[in-house]
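Enquirer: Handing you a structure now.
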Amino acid sequence: MKFLRNQLDKVKHSFEKGGKLEKYYYAFEAIDTFLFAPNTTNDSKGSQIRDAVDLKRLMMTVIIAMVPCLLFGIYNVGHQHFLAIGQPGAALGEKIGIGLWQVLPIVVVSYGVGLGIEFVFSILRKHPVNEGFLVTGMLIPLVMPPDIPLWQVGVATAFAVVIGKEAFGGTGMNVVNVALTARAFLYFAYPTDISGGVWTYLGDSQAVAGYSGATPLAVAAEAVKGQQVVAALNTFGSGWNEGVFTLQNLFIGLRPGSIGETSTLMCLVGAFILIVTGTGSWKIIVSVFGGAYAMALLLNLIGGSPFMELPAHYHLVIGGLAFGAVFMATDPVTAAQTESGKWVYGILIGVLTVLIRVFNPAYPEGIMLAILLMNVFAPLIDYFVVSANKKRRIQRATI
Amino acid sequence: MGKFIRLKKGFTINLQGKASPKVVEAEQPETFVIKPTDFHGIYMPKPVVEVGDNVKAGSPLFHDKKNERIVFTAPVSGEVVEVKRGEKRKLLEIKILADKAVEFVAFKKHSVSDIQNLNATEIKEQLLQSGVWTTLVQRPFGVVADPAATPKAIHISAFDTHPLAPDYNILFKGQDHYFQVGVDILKKLTSGSVHVNTHATSEISTVFSQVKGAEVNKFSGVHPAGCVGVQIHHIDPINKGDVVWTISPLGVIQIGKLFLNGVYDTSRIVALVGSEVKNAQYYKTYTGASVKKFIEGNLNQEHVRVISGNPLTGTAIGKDGHLGFYDHQLTVLPEGDQYEFLGWITPTTKKISFHRALGLLSFLAPGKERVASTNTHGEPRAFVQTGVFEQVTPMDILPTHLLKSILAEDIDEMEALGIYEVIEEDLALCEFVDVSKHKVQEILREGLELVQNS
């Protein structure tokens, strides 16, 4: 390690002020601080000691929390592939192989494009390379369909990082969630490639007879009057993927969908890691689930269409609600920043998700739009919380 | 009757090197220093002594040009050996080579019954003349108290929750009488009450528990429960336009001694603490003492940072430095200027963290004493994580929003968000726990100065 340190120290001065490569200082700093925690000490005045945490470690914690979803997603992509082409007996290794073959390139493209842009901006705008993209770069693949063309991943990532983040000044300044910006970009720019039958990777093989690429949300949305949604879900997939949309399987997540978001179980494992480490706000996670459940219950009471009568707990396991609640809504930069604001923010995301799902048949998956919408309103929520704080102070003074 | 207030938020930084309960009367340091930079709200300190002058304890050394009534006096007797100036001839410190035995300027003595008859003007006059006045700190802003003001209350924090803080039972043992007289005098300076804020769950010295004529409040909870700003927030918060004074128990005792004995007696006990100190213990000395004699031959290693004050709010003074005016603690910590290979991800139980992020395992054994170096453990970043400052700030204040309003230099917003209620020490823990490594205390002081000068 000493050798590596010496090499870094040798070249360091040319990146510092007045050095030949001064403009690339932040690019060098990013690599330097990645390899070695810096030797900087606290100022002579003020706090002489600092907490051992830094942004790199915090972001790494989030990435670790996503790993269960990623691993499960890799397996599931392969699993769904073999079910769809009528080879349910394929070996575990084969499934993982197909999954890796599909998923890894997406991860590589997302990180490659995103970090590339980060470095370019760090040089142009003279700000440090921010660790935020370590998380974004993993979130983007997890919300992509397995069949997505790689160039679209690249374009979406570039759009999200430049317009969603760097235009505002980088990590910490962005208004909307960067990964969701990428997903929303694809949805509106290339709608045909991110809806319909894209949720299962078929490759060159022919789909088995009876195969349908519909998602549970689509099945629920298309249920005709008089038909029980639950029955429609339970019988879906007969012939090629029996029981794929039963409640139990929806929870476990062996079903078609975006790479990382199918398994509610794995999302809950991630949520557990985020909450135990204090990295993600438990208030937001709980309130998104709570808001969605309450809204769905209300719709059950009103009734009217089969989708409205879908039992409330189904809403928690279908679509990307769990993934969005755990990993997207909790993004501290774009969420409400006050503690009581987080409750309002989370509940409204849950409520909006269910409303969009049920009343917008064109795009039944609502969590993405709900979070983006609430990202925009989060400052407003905070505004009211902060105003209340100020008001308490003024009232106190007048008594 | 005092109040009982239970504080739930905060964090204990459990460091190695607490002082053993032993007071050493070693040979006194040779030099003593008074630094204008220890005081806030001093615009232009102007020295009234020259090198070579002889001074007694209580002789004026310098005063503020804007308010000449506030005089800063010598803590010990001896010869002025240095008047140190910095850029633009700014006065940095006045150094005194101390006599073997301290000689005092004789101020007026009073009997206990006389003291009951003194009025505020007489009291202020004697406090100002002797220099004891400067122990009074005024909120908002944490400046030296304004003699023209009448505070709505005076607060005394009777415990210290900072990391490695000294035990007040040792610091002020046997000073009951002086403290009582000090409180009696302070009562005449305020339109409200004198509050003595004690810790509910530790042993309270009779100095504080037996005091008469003051509200004795009790606080439970961890740091920053001992910060007087936090206490004021819960007892009688500072609103716009309010003036509140705070004073340390030592200051109160000095007031008592000034009126009973007619001297400015700065003798005090300081704790020498920290993981790099061989014998962490208490020393008897005077305000502004050189720390050289205390640490010489008493360190585990040489690559250290010597801090006047505690690790959260103190100032690095170097091995030849002198204690700050308000500090009763001298901390020696390892200097943290080393690189650490993949230090941002390596799991560790040794580094202290309020967070439980990946690999930071100190939360598993919070009672264990640990070593902390002066390393920043990361680079400065924009605000990202939220809700953490709130967990270590037991006040109805939104630290992140307050800090952002300061960065935006929005004075109205700062006022509305409660800048009048805090000074550096109250938010020091935010600086410690901050993931993005902001200089919270520095930012806050900039905000305070902006508001003060607006």
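Ordered as shown in the structure tokens, chains take letters A, B, and onward, while each chain numbers its residues from 1 and ligands are numbered from 1 in the order shown.
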Counting only C-alpha atoms, which residues of region 8-73 of chain B fall within 6 Å of region 116-134 of chain B, and what is the closest atom pair for each with its distance in Å at one decimal, ordered by chain and rising number, as JSON lines?
Expert:
{"residue": "B:Gly58", "atom": "CA", "partner": "B:Ser130", "partner_atom": "CA", "distance": 5.3}
{"residue": "B:Ile70", "atom": "CA", "partner": "B:Leu128", "partner_atom": "CA", "distance": 5.9}
{"residue": "B:Val71", "atom": "CA", "partner": "B:Gly131", "partner_atom": "CA", "distance": 5.5}
{"residue": "B:Phe72", "atom": "CA", "partner": "B:Gly131", "partner_atom": "CA", "distance": 5.2}
{"residue": "B:Thr73", "atom": "CA", "partner": "B:Gly131", "partner_atom": "CA", "distance": 5.1}
Enquirer: Filtering to N, CA, C and O atoms, could you give me those residues as a compact mmCIF listing (two decimals), in the first residue's frame?
Expert:
# COMPACT_ATOMS: atom_id res chain seq x y z
N GLY B 58 -5.56 41.69 38.41
CA GLY B 58 -6.63 42.68 38.45
C GLY B 58 -6.23 43.99 37.81
O GLY B 58 -7.07 44.87 37.64
N ILE B 70 -15.36 48.19 29.45
CA ILE B 70 -15.03 46.77 29.59
C ILE B 70 -13.52 46.61 29.55
O ILE B 70 -12.87 46.80 28.53
N VAL B 71 -12.98 46.25 30.72
CA VAL B 71 -11.54 46.17 30.88
C VAL B 71 -11.16 44.71 31.06
O VAL B 71 -11.83 43.96 31.76
N PHE B 72 -10.08 44.33 30.39
CA PHE B 72 -9.56 42.97 30.54
C PHE B 72 -8.30 43.05 31.38
O PHE B 72 -7.38 43.79 31.05
N THR B 73 -8.30 42.30 32.48
CA THR B 73 -7.24 42.49 33.47
C THR B 73 -6.33 41.29 33.59
O THR B 73 -6.63 40.21 33.09
Enquirer: Just asking: which residues within region 25-89 of chain B are strand (DSSP E) according to DSSP, as a list in words?
Expert: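 Selection result, strand (DSSP E) within region 25-89 of chain B: Thr31, Phe32, Val33, Ile34, Pro45, Lys46, Pro47, Asn54, Val55, Pro60, Leu61, Phe62, His63, Asp64, Asn67, Glu68, Arg69, Ile70, Val71, Phe72, Thr73, Gly78, Glu79, Val80, Val81, Glu82, Val83, Lys84 and Arg85 of chain B.
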Enquirer: Report as a PyMOL selection string the set of chain A residues whose atoms approach chain B to within 8 Å, with distances computed over only C-alpha atoms.
Expert: chain A and resi 1+34-42+44-58+60-61+128+130+171-173+276-279+332-333+337-339+386+389-390+393-394+396-397
Enquirer: Taking 4 positions as the minimum chain separation for residues in the same chain, which residues sit within 10 Å of Ala84 (chain A) when counting only C-alpha atoms? Answer as a VMD selection string.
Expert: chain A and resid 78 to 80 88 200 to 202 205 to 213 237 240 to 241 256
Enquirer: For each of B:Glu215, B:Phe325, B:Lys293, B:Val252, take the minimum atom-to-atom distance to Thr37 (chain B), counting only C-alpha atoms, then give the residue where this is smallest.
Expert: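 Ranking B:Glu215, B:Phe325, B:Lys293, B:Val252 by distance to Thr37 (chain B), first place goes to B:Phe325.
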Enquirer: Name all residues at most 12 Å from Val326 (chain A) (count only C-alpha atoms; drop same-chain ones fewer than 5 positions away) and give them as a compact mmCIF listing (two decimals) with C-alpha atoms, in the first residue's frame.
Expert:
# COMPACT_ATOMS: atom_id res chain seq x y z
CA VAL A 62 -27.30 2.05 0.16
CA ALA A 65 -28.92 -2.62 0.60
CA MET A 66 -29.67 -2.95 -3.11
CA CYS A 69 -32.58 -6.97 -5.20
CA LEU A 139 -30.68 2.22 -9.24
CA GLU A 261 -38.20 -4.34 -8.51
CA THR A 264 -41.17 -7.25 -2.38
CA LEU A 265 -39.29 -9.61 -0.10
CA MET A 266 -35.87 -8.47 -1.32
CA CYS A 267 -36.97 -4.83 -1.08
CA LEU A 268 -37.89 -5.46 2.53
CA VAL A 269 -34.44 -6.95 3.13
CA GLY A 270 -33.03 -3.74 1.66
CA ALA A 271 -35.35 -1.67 3.81
CA PHE A 272 -34.12 -3.56 6.85
CA ILE A 273 -30.51 -2.69 6.01
CA LEU A 274 -31.36 0.95 5.37
CA ILE A 275 -33.31 1.31 8.59
CA THR A 279 -29.26 5.47 6.16
CA GLY A 280 -32.82 5.57 4.85
CA SER A 281 -35.69 7.23 6.63
CA TRP A 282 -37.99 4.62 8.16
CA LYS A 283 -40.64 7.29 8.33
CA ILE A 284 -40.76 7.58 4.55
CA ILE A 285 -40.74 3.83 3.93
CA VAL A 286 -43.51 3.17 6.43
CA SER A 287 -45.61 6.08 5.29
CA VAL A 288 -45.45 5.17 1.59
CA PHE A 289 -46.71 1.67 2.38
CA GLY A 320 -42.67 -1.28 -8.16
CA LEU A 321 -44.24 0.13 -5.04
CA ASP A 331 -33.38 9.65 -1.44
CA PRO A 332 -32.59 12.34 1.17
CA GLY A 346 -44.46 9.41 2.15
CA ILE A 349 -46.57 9.13 -2.52
CA GLY A 350 -48.51 6.05 -1.44
CA ILE A 367 -44.97 4.84 -8.17
CA ILE A 371 -42.39 10.00 -6.49
Enquirer: So that I can check the surroundings of Val211 (chain B), please list as a compact mmCIF listing (two decimals) with N, CA, C and O atoms, in the first residue's frame every protein, DNA and RNA residue that reaches within 8 Å of it, counting only C-alpha atoms and ignoring chain neighbours fewer than 5 positions away.
Expert:
# COMPACT_ATOMS: atom_id res chain seq x y z
N ASP B 176 -18.72 26.78 48.24
CA ASP B 176 -20.14 27.04 48.46
C ASP B 176 -20.42 28.50 48.82
O ASP B 176 -21.32 29.12 48.26
N PHE B 179 -19.84 30.97 45.98
CA PHE B 179 -20.87 30.79 44.95
C PHE B 179 -22.16 31.46 45.39
O PHE B 179 -22.81 32.16 44.62
N GLN B 180 -22.51 31.24 46.66
CA GLN B 180 -23.75 31.83 47.19
C GLN B 180 -23.71 33.35 47.10
O GLN B 180 -24.66 33.99 46.63
N THR B 206 -22.84 20.22 46.64
CA THR B 206 -23.63 21.09 47.54
C THR B 206 -23.51 22.55 47.12
O THR B 206 -24.36 23.36 47.44
Enquirer: DSSP on the backbone: what in region 75-320 of chain A comes out helix (DSSP H, G or I), as a PyMOL selection string?
Expert: chain A and resi 75-84+92-125+132-142+150-168+178-189+191-194+197-199+216-222+229-235+247-252+264-276+282-302+312-317
Enquirer: Residues within 9 Å of Leu355 (chain A), please, as a ChimeraX atom specification. Count only C-alpha atoms; anything in the same chain fewer than 5 positions from it doesn't count.
Expert: /A:292,295-296,299,350,360,366
Enquirer: What does the file look like for those residues with all heavy atoms, as a short mmCIF file (atom, residue, chain, number, x, y, z; two decimals), in the first residue's frame?
Expert:
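Produced file selection_14.cif, reproduced below:
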data_model
loop_
_atom_site.label_atom_id
_atom_site.label_comp_id
_atom_site.auth_asym_id
_atom_site.auth_seq_id
_atom_site.Cartn_x
_atom_site.Cartn_y
_atom_site.Cartn_z
N ALA A 292 -50.38 4.01 0.68
CA ALA A 292 -50.92 3.19 -0.40
C ALA A 292 -52.00 2.25 0.12
O ALA A 292 -53.07 2.10 -0.49
CB ALA A 292 -49.78 2.38 -1.06
N MET A 295 -55.21 4.25 0.98
CA MET A 295 -55.91 4.69 -0.22
C MET A 295 -56.60 3.51 -0.90
O MET A 295 -57.75 3.62 -1.36
CB MET A 295 -54.89 5.33 -1.18
CG MET A 295 -55.54 6.03 -2.36
SD MET A 295 -56.51 7.44 -1.83
CE MET A 295 -57.94 7.25 -2.86
N ALA A 296 -55.90 2.38 -0.95
CA ALA A 296 -56.49 1.20 -1.60
C ALA A 296 -57.72 0.73 -0.81
O ALA A 296 -58.73 0.35 -1.41
CB ALA A 296 -55.45 0.09 -1.69
N LEU A 299 -60.57 2.91 -1.72
CA LEU A 299 -61.11 2.56 -3.04
C LEU A 299 -61.95 1.28 -2.95
O LEU A 299 -62.98 1.15 -3.61
CB LEU A 299 -59.98 2.37 -4.05
CG LEU A 299 -59.25 3.65 -4.46
CD1 LEU A 299 -58.17 3.33 -5.50
CD2 LEU A 299 -60.20 4.69 -5.00
N GLY A 350 -47.70 7.27 -1.44
CA GLY A 350 -48.51 6.05 -1.44
C GLY A 350 -49.89 6.28 -2.03
O GLY A 350 -50.36 5.52 -2.88
N ASN A 360 -55.58 5.56 -14.12
CA ASN A 360 -54.90 5.89 -15.37
C ASN A 360 -54.53 4.60 -16.09
O ASN A 360 -53.41 4.11 -15.98
CB ASN A 360 -53.65 6.72 -15.07
CG ASN A 360 -52.93 7.12 -16.33
OD1 ASN A 360 -53.39 6.80 -17.45
ND2 ASN A 360 -51.80 7.77 -16.19
N GLY A 366 -47.76 3.48 -11.08
CA GLY A 366 -47.84 4.86 -10.62
C GLY A 366 -46.72 5.34 -9.73
O GLY A 366 -46.54 6.54 -9.55
#
Enquirer: Please list as a list in words every residue within 8 Å of Pro311 (chain A), counting only C-alpha atoms and excluding residues in the same chain fewer than 5 positions away.
Expert: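 Contacts, with the query itself left out: Val230, Ala296, Leu297 and Asn300 of chain A.
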Enquirer: For CA of Gly169 (chain A) and CA of Phe119 (chain A), determine how far apart the two atoms are, in Å to one decimal place.
Expert: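 Value for the CA of Gly169 (chain A)-CA of Phe119 (chain A) distance: 13.7 Å.
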Enquirer: A:Leu348, A:Ala336, A:Ala221, A:Val175: which is nearest Tyr293 (chain A), counting only C-alpha atoms?
Expert: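 The answer is A:Leu348, which sits nearest to Tyr293 (chain A).
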Enquirer: With only C-alpha atoms as the basis for distance, which of B:His438, B:Lys100, B:Lys218, B:Lys319 is at the shortest distance from Val291 (chain B)?
Expert: B:Lys319
Enquirer: What's the separation between CA of Gly182 (chain B) and CA of Thr331 (chain B), in Å to one decimal place?
Expert: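 Distance between the two atoms: 29.0 Å.
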